[in-house]
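**Q** If you scroll down you'll find the structure; I have some questions about it.
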Amino acid sequence: MGTEDAAEASDGSAPPRRRKRRGRGPWWKPSLATLLAFAVIGGGLFLRYVDPWFVEFVRVKVFDAYNRIEPREPPAQSPVVIVDLDERSLAEVGQWPWPRTVVGDLIAALRDQGAAVVGFDVVFAEPDRTSPDRIADSLRGAGPTVTAALKELPSNEEVMASIMRTMRTVMGQAGSNAPDDTPPHETAQYTSVRANLGTLGATETDPRPYLISKPTLIHNLEVLEASSSGLGMFSVDEEVDGVIRRVPLVMEVDGVVKPALSVEMLRVGFQGNSIVTVVDPGGMHEVRLQTPQGNYPIPVDGRGRLWVYFAEPDRFNTPDSSGRMYVSAVDVLEGRLPPGRLAGRLALVGTSATGLLDIRATPIEPRLPGVEVHANILENILTQQFIRYPFTMVLWEMIAILAAGLALIFFVPRVGPIFTLAGLVVSGGGIAAASWYLFIEHKTFLDVTYPGAMVFAVYAVLAFSNYARDAAEKRQVRGAFSQYLSPDLVEQLAENPDQLRLGGETKRMTLLFCDVRGFTTISESYRSDPQGLTRLINRLLTPLTNEILQRQGTIDKYMGDCIMAFWNAPLEDERQEVHACQSALAMFEALERLNEERKREAEEGGFAYLPLNIGIGVNTGDCVVGNMGSDQRFDYSVLGDAVNLASRLEGQSKSYGVGTVIGEDTAEAVRGQLPVAELDLIAVKGKSEAVRIFTLLGDARLAQSPDYESLIADHDAMMAAYRAQRFDEADALIAKCEGRLDGALDGFYAVYRERIAEFRETPPPADWDGVYVATSK
């Protein structure tokens with residue numbers, strides 16, 4: 001069978017029937033598995049919305065892992081210093097609590113050594129028992145003169161308060177769930193701080209419904225709070241697993257919105273005038289510190305909590321005060337620190353002593369002093385290094401659950417659970433990688449654990465149903481076809497029941513036809529050995545087929561000595577034209593190797609040697625591809641005018657003295673990547689419109705060579721002179737081109753010399769458009 005017959009068989013105008021949906025029933029009658037999958041998706045979305053503790057637990061553990069793997073890079077010189085009430089300070093100064101006068105001395109020392117602001121991660125809720133008036137009341141046997149003299153002395157709190165008025169000092173407060181019977185006290189300072197907390201939003205939304213709420217405030221003595229520059233909450237609530245990773249920057253205590261210690265320290269240190277809460281429909285969105293130096297936006301979660309981005313712990317415990325943040329309180333009191341160590345720093349007074357019970361579990365360290373948590377918050381804000389988990393991420397997680405679930409509902413019944421699982425693993429890995437990328441590059445946290453768990457739950461439901469359904473289909477196919485087909489074919493149909501249906505789609509494809517030239521003469525030499533002819537054809541088709549398959553081609557069919565192949569189906573191939581042309585070039589190389597082997601065999605065996613020659617046609621265009629045939633027998637094949645033209649181009653390869661003829665669309669796609677040369681403007685048999693045809697001259701290396709560029713310039717000039725009927729000029733240019741590139745186009749130029757000779761005797765009409773009408777296929 002020749003390529004012309006194949007093309008005629010592949011040409012047609014009637015579109016194939018649309019592919020039917022695999023037997024799943026109409027879309028308005030979903031299967032039980034689909035209904036269960038929708039139920040899982042709906043339940044998953046509801047759980048993510050209400051966010052119970054077990055959902056949150058897995059999410060925060062992922063955050064902890066991210067923080068451990070990629071901790072925050074601290075600044076070379078921290079703007080924060082922790083004045084540590086450590087074991088050495090307690091040993092030298094005395095057990096805690098220290099007299100308020102000593103605390104006042106500590107404040108004065110910080111002031112004198114240049115600290116910008118001091119904040120206390122402790123609360124002074126009770127009077128100092130070493131204060132003169134308290135000693136006077138507790139002394140036994142002291143005379144009235146001593147008692148009166150002691151009572152006339154200022155209390156330790158008043159001494160401390162007087163020093164506080166010379167230094168920007170923020171006193172710590174704490175929220176409590178225990179009832180408080182003590183009457184609240186209000187000071188001018190307390191009132192002003194409270195007044196400076198505002199809301200920002202289109203509707204001035206009240207943030208209190210979203211905030212962590214405490215019924216009771218543990219506050220300092222009134223004299224201390226009245227002398228302070230600010231009041232801040234140092235309460236840090238442990239989460240379900242006992243880890244501190246989110247700290248409220250604003251809280252609601254007994255109906256009043258209060259700032260965290262760290263935020264208030266910054267406001268006081270930078271002389272800010274307000275702390276603004278930004279509320280959106282998802283709850284709290286941002287806390288904004290407004291200062292004369294500019295605004296400090298701080299992203300928070302819906303309840304006003306900051307995801308603390310921890311640096312590696314500052315494990316200072318040396319006597320020379322060499323830690324990044326920690327300095328011993330006794331060294332501050334005794335003036336032992338290097339000059340400038342505290343200059344301009346925000347000083348946090350807290351403790352790392354185990355006995356004072358302020359050791360916390362954090363993502364970065366299971367035993368971290370609570371004061372270091374606040375220090376990390378201050379560094380987060382000052383360096384603007386935050387981990388963001390905006391409300392939109394919750395929406396994206398829910399969208400991911402919905403989209404992936406719907407995709408599974410669509411794909412699992414159609415492509416099967418194995419391929420779907422592979423795609424799920426790959427896409428899941430990609431999303432996990434994207435989550436990690438967002439964390440390390442954009443400091444945005446995207447939880448993939450819960451969406452991943454829900455997606456795999458949907459997959460499990462659908463996969464089980466798919467296996468059950470496929471088992472039933474296989475039994476049905478085996479029962480229906482076991483009487484008519486071989487067992488192997490029955491098993492193939494049982495594994496892929498969709499192959500029993502017809503269908504097609506329109507795609508842009510590249511077609512290749514290859515035919516053996518002079519095959520009739522070769523076959524006559526095997527008249528007495530038909531099996532030898534079969535072996536020869538198989539020996540020829542095998543290497544040619546391999547070259548096609550190695551370049552993403554699909555073998556459509558073999559028709560005797562002819563191969564029909566195509567690209568871009570069933571798999572997409574963005575470089576289909578290049579792959580087809582490279583296959584054509586490689587097929588000639590494979591044929592040359594085969595002819596060399598056959599020649600050597602003929603010489604050794606003493607029999608006649610007839611070389612094999614092939615012609616190839618390549619064309620690109622829109623085709624219909626799919627399973628085509630009858631209900632009893634069908635093939636995966638192509639239909640379309642581009643198929644017919646590819647066959648016609650192969651037939652013209654001999655007429656033009658070249659090995660390969662390619663269509664104009666193919667040539668335009670490979671131009672610049674492979675060397676091409678125009679052959680003619682031809683009206684092939686069976687087509688009324690002329691088409692421009694080209695040939696391939698070699699591989700990609702030749703396309704970049706100066707020899708090719710020089711030849712193609714003269715070649716194009718020859719073609720232009722020929723079409724303009726300047727035949728003498730065209731003949732001269734042919735003479736100039738012949739022999740170049742190892743004579744790659746000499747056969748073609750011989751054809752044109754004959755034409756020019758004919759046109760000199762019988763000139764074409766004056767309005768000739770240069771089209772050559774082919775008289776054969």
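Convention: chains lettered A, B, ... in structure tokens order; per-chain residue numbering from 1; ligands numbered from 1 as shown.
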I'd like a table as a Markdown table: residues in stretch 271-317 of chain A with an atom no more than 12 Å from stretch 48-63 of chain A, each row giving the shortest atom pair and its distance in Å to one decimal, only C-alpha atoms counted, sorted by chain and rising residue number.

**A**
| residue | atom | partner | partner_atom | distance |
| --- | --- | --- | --- | --- |
| A:Gly282 | CA | A:Tyr49 | CA | 11.0 |
| A:Trp307 | CA | A:Phe63 | CA | 9.2 |
| A:Val308 | CA | A:Phe63 | CA | 10.4 |
| A:Tyr309 | CA | A:Phe63 | CA | 9.8 |
| A:Phe310 | CA | A:Phe63 | CA | 11.2 |

**Q** Could you turn the residues from that selection into a file that holds C-alpha atoms, as a PDB file, in the first residue's frame?

**A**
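Contents of selection27.pdb, as written:
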ATOM      1  CA  GLY A 282     -11.752  38.134  59.825  1.00  0.00           C
ATOM      2  CA  TRP A 307       3.378  34.872  65.626  1.00  0.00           C
ATOM      3  CA  VAL A 308       6.742  35.306  67.326  1.00  0.00           C
ATOM      4  CA  TYR A 309       9.614  34.655  64.938  1.00  0.00           C
ATOM      5  CA  PHE A 310      12.263  33.331  67.308  1.00  0.00           C
TER       6      PHE A 310
END

**Q** Report as a PyMOL selection string all protein, DNA and RNA residues lying within 10 Å of stretch 248-252 of chain A, evaluated on only C-alpha atoms, omitting residues in the same chain fewer than 4 positions from it.

**A** chain A and resi 175+197+207-217+232-237+256-264+275-277+284+286-287+298-301+303-307+377

**Q** Just the number, please: distance in Å from atom CA of A:Ala677 to atom CA of A:Arg753, one decimal.

**A**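 Between atom CA of A:Ala677 and atom CA of A:Arg753 the gap is 17.1 Å.
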
**Q** May I have a table of the residues of stretch 360-460 of chain A lying at most 12 Å from stretch 342-348 of chain A, giving each one's closest pair of atoms and their distance in Å to one decimal, counting only C-alpha atoms, ordered by chain and ascending residue number, as a Markdown table?

**A**
| residue | atom | partner | partner_atom | distance |
| --- | --- | --- | --- | --- |
| A:Pro369 | CA | A:Leu348 | CA | 12.0 |
| A:Gly370 | CA | A:Leu348 | CA | 10.9 |
| A:Val371 | CA | A:Leu348 | CA | 7.2 |
| A:Glu372 | CA | A:Leu348 | CA | 8.8 |
| A:Val373 | CA | A:Leu348 | CA | 10.7 |
| A:His374 | CA | A:Leu348 | CA | 8.1 |
| A:Ala375 | CA | A:Leu348 | CA | 7.3 |
| A:Asn376 | CA | A:Leu348 | CA | 11.1 |
| A:Ile377 | CA | A:Leu348 | CA | 11.6 |
| A:Leu378 | CA | A:Leu346 | CA | 8.6 |
| A:Glu379 | CA | A:Leu346 | CA | 10.1 |
| A:Leu382 | CA | A:Leu346 | CA | 10.6 |

**Q** Apply DSSP to the backbone of this structure and, from stretch 41-181 of chain A, keep only the residues in strand (DSSP E); write these as a ChimeraX atom specification.

**A** /A:80-84,117-120,169-176

**Q** I'd like the neighbourhood of stretch 725-731 of chain A as a PyMOL selection string, where a residue qualifies if any of its atoms comes within 9 Å (using only C-alpha atoms), though same-chain residues fewer than 6 positions away should be ignored.

**A** chain A and resi 717-719+752-753+756-757+759-760+763-764+766+768+770

**Q** A:Val638, A:Ile409, A:Leu511, A:Ala700: which is nearest A:Asp665, counting only C-alpha atoms?

**A**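 Looking at the shortest contact to A:Asp665, the residue is A:Leu511.
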
**Q** Tell me, in Å to one decimal, how far atom CA of A:Pro154 is from atom CA of A:Leu221.

**A**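 So the answer is 15.1 Å.
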
**Q** Do you know which residues are at most 12 Å from A:Ile555 counting only C-alpha atoms, after dropping those on the same chain fewer than 2 positions away, and could you put them as JSON, numbers by chain?

**A** {"A": [511, 512, 513, 514, 541, 542, 544, 545, 546, 547, 548, 549, 550, 551, 552, 553, 557, 558, 559, 562, 563, 564, 565, 566, 567, 568, 569, 570, 580, 635, 636, 637, 638]}

**Q** Find the residues around A:Gln290 up to 7 Å (only C-alpha atoms counted), leave out those fewer than 2 positions away in its own chain, and share them as a ChimeraX atom specification.

**A** /A:272-275,288,294-296

**Q** Write out as number ranges by chain each polymer residue whose atoms come within 12 Å of A:Ser525, counting only C-alpha atoms; drop sequence neighbours fewer than 3 positions from it.

**A** A: 518-522, 528-530, 532-533, 536, 607-610

**Q** Let me make sure I understand: among A:Phe386, A:Tyr656, A:Trp98, A:Phe419, which one has the smallest atom-to-atom distance to A:Val330 if we use only C-alpha atoms?

**A**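 Closest to A:Val330 of all the choices is A:Trp98.
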
**Q** So, counting only C-alpha atoms, which residue among A:Pro297, A:Pro543, A:Pro97, A:Pro281 is closest to A:Ala586?

**A**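 Of the candidates, the smallest distance to A:Ala586 is held by A:Pro543.
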
**Q** If you measure from atom CA of A:Asp121 to atom CA of A:Pro292, what distance in Å do you get, rounded to one decimal?

**A**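 That distance, rounded to one decimal, is 26.0 Å.
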
**Q** Residues at most 9 Å from stretch 423-427 of chain A, counting only C-alpha atoms, excluding those fewer than 5 positions away in the same chain, as a PDB file with N, CA and C atoms, in the first residue's frame?

**A**
ATOM      1  N   ALA A 404      -8.895  20.965  45.193  1.00  0.00           N
ATOM      2  CA  ALA A 404      -8.281  19.639  45.090  1.00  0.00           C
ATOM      3  C   ALA A 404      -9.328  18.542  45.204  1.00  0.00           C
ATOM      4  N   LEU A 408     -10.106  15.796  42.361  1.00  0.00           N
ATOM      5  CA  LEU A 408     -10.088  14.362  42.603  1.00  0.00           C
ATOM      6  C   LEU A 408     -11.385  13.712  42.149  1.00  0.00           C
ATOM      7  N   ILE A 418      -4.085   5.398  40.599  1.00  0.00           N
ATOM      8  CA  ILE A 418      -2.615   5.347  40.622  1.00  0.00           C
ATOM      9  C   ILE A 418      -2.042   6.647  40.054  1.00  0.00           C
ATOM     10  N   ALA A 432       3.858  21.909  49.205  1.00  0.00           N
ATOM     11  CA  ALA A 432       4.700  21.945  50.408  1.00  0.00           C
ATOM     12  C   ALA A 432       5.957  22.770  50.160  1.00  0.00           C
ATOM     13  N   VAL A 455      -7.571  16.304  51.623  1.00  0.00           N
ATOM     14  CA  VAL A 455      -7.492  15.859  50.231  1.00  0.00           C
ATOM     15  C   VAL A 455      -7.247  14.361  50.171  1.00  0.00           C
ATOM     16  N   PHE A 456      -6.372  13.850  51.021  1.00  0.00           N
ATOM     17  CA  PHE A 456      -6.128  12.408  51.022  1.00  0.00           C
ATOM     18  C   PHE A 456      -7.342  11.636  51.548  1.00  0.00           C
TER      19      PHE A 456
END

**Q** Measuring atom to atom with only C-alpha atoms, identify which of A:Ala669, A:Leu90, A:Ile734, A:Leu681 is nearest to A:Val771.

**A** A:Leu681

**Q** Run DSSP on the backbone and give me the residues of stretch 700-775 of chain A it puts in helix (DSSP H, G or I), as a PyMOL selection string.

**A** chain A and resi 700-703+706-723+727-737+740-743+746-761

**Q** Could you check the closest approach to A:Arg72 for each of A:Ile387, A:Val223, A:Val102, A:Leu85 and tell me which residue wins, using only C-alpha atoms?

**A**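 The answer is A:Ile387, which sits nearest to A:Arg72.
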
**Q** Residues of stretch 523-595 of chain A within 9 Å of stretch 615-620 of chain A: nearest atom pair and distance (Å, one decimal) for each, counting only C-alpha atoms, sorted by chain and number, as JSON lines?

**A**
{"residue": "A:Gln576", "atom": "CA", "partner": "A:Thr620", "partner_atom": "CA", "distance": 8.9}
{"residue": "A:Glu577", "atom": "CA", "partner": "A:Thr620", "partner_atom": "CA", "distance": 7.2}
{"residue": "A:Ala580", "atom": "CA", "partner": "A:Val618", "partner_atom": "CA", "distance": 7.3}
{"residue": "A:Cys581", "atom": "CA", "partner": "A:Val618", "partner_atom": "CA", "distance": 7.4}
{"residue": "A:Ala584", "atom": "CA", "partner": "A:Ile616", "partner_atom": "CA", "distance": 6.9}

**Q** Just write the chosen residues, N, CA and C atoms, as an mmCIF file, in the first residue's frame.

**A**
data_model
loop_
_atom_site.group_PDB
_atom_site.id
_atom_site.type_symbol
_atom_site.label_atom_id
_atom_site.label_comp_id
_atom_site.auth_asym_id
_atom_site.auth_seq_id
_atom_site.Cartn_x
_atom_site.Cartn_y
_atom_site.Cartn_z
ATOM 1 N N GLN A 576 6.929 19.999 18.524
ATOM 2 C CA GLN A 576 6.562 18.904 17.637
ATOM 3 C C GLN A 576 7.225 19.023 16.262
ATOM 4 N N GLU A 577 7.291 20.246 15.689
ATOM 5 C CA GLU A 577 7.878 20.396 14.360
ATOM 6 C C GLU A 577 9.374 20.059 14.373
ATOM 7 N N ALA A 580 9.861 16.292 14.723
ATOM 8 C CA ALA A 580 9.569 15.574 13.479
ATOM 9 C C ALA A 580 10.716 15.721 12.490
ATOM 10 N N CYS A 581 11.235 16.954 12.336
ATOM 11 C CA CYS A 581 12.336 17.175 11.396
ATOM 12 C C CYS A 581 13.613 16.478 11.872
ATOM 13 N N ALA A 584 13.318 12.922 10.930
ATOM 14 C CA ALA A 584 13.581 12.694 9.507
ATOM 15 C C ALA A 584 15.082 12.631 9.232
#
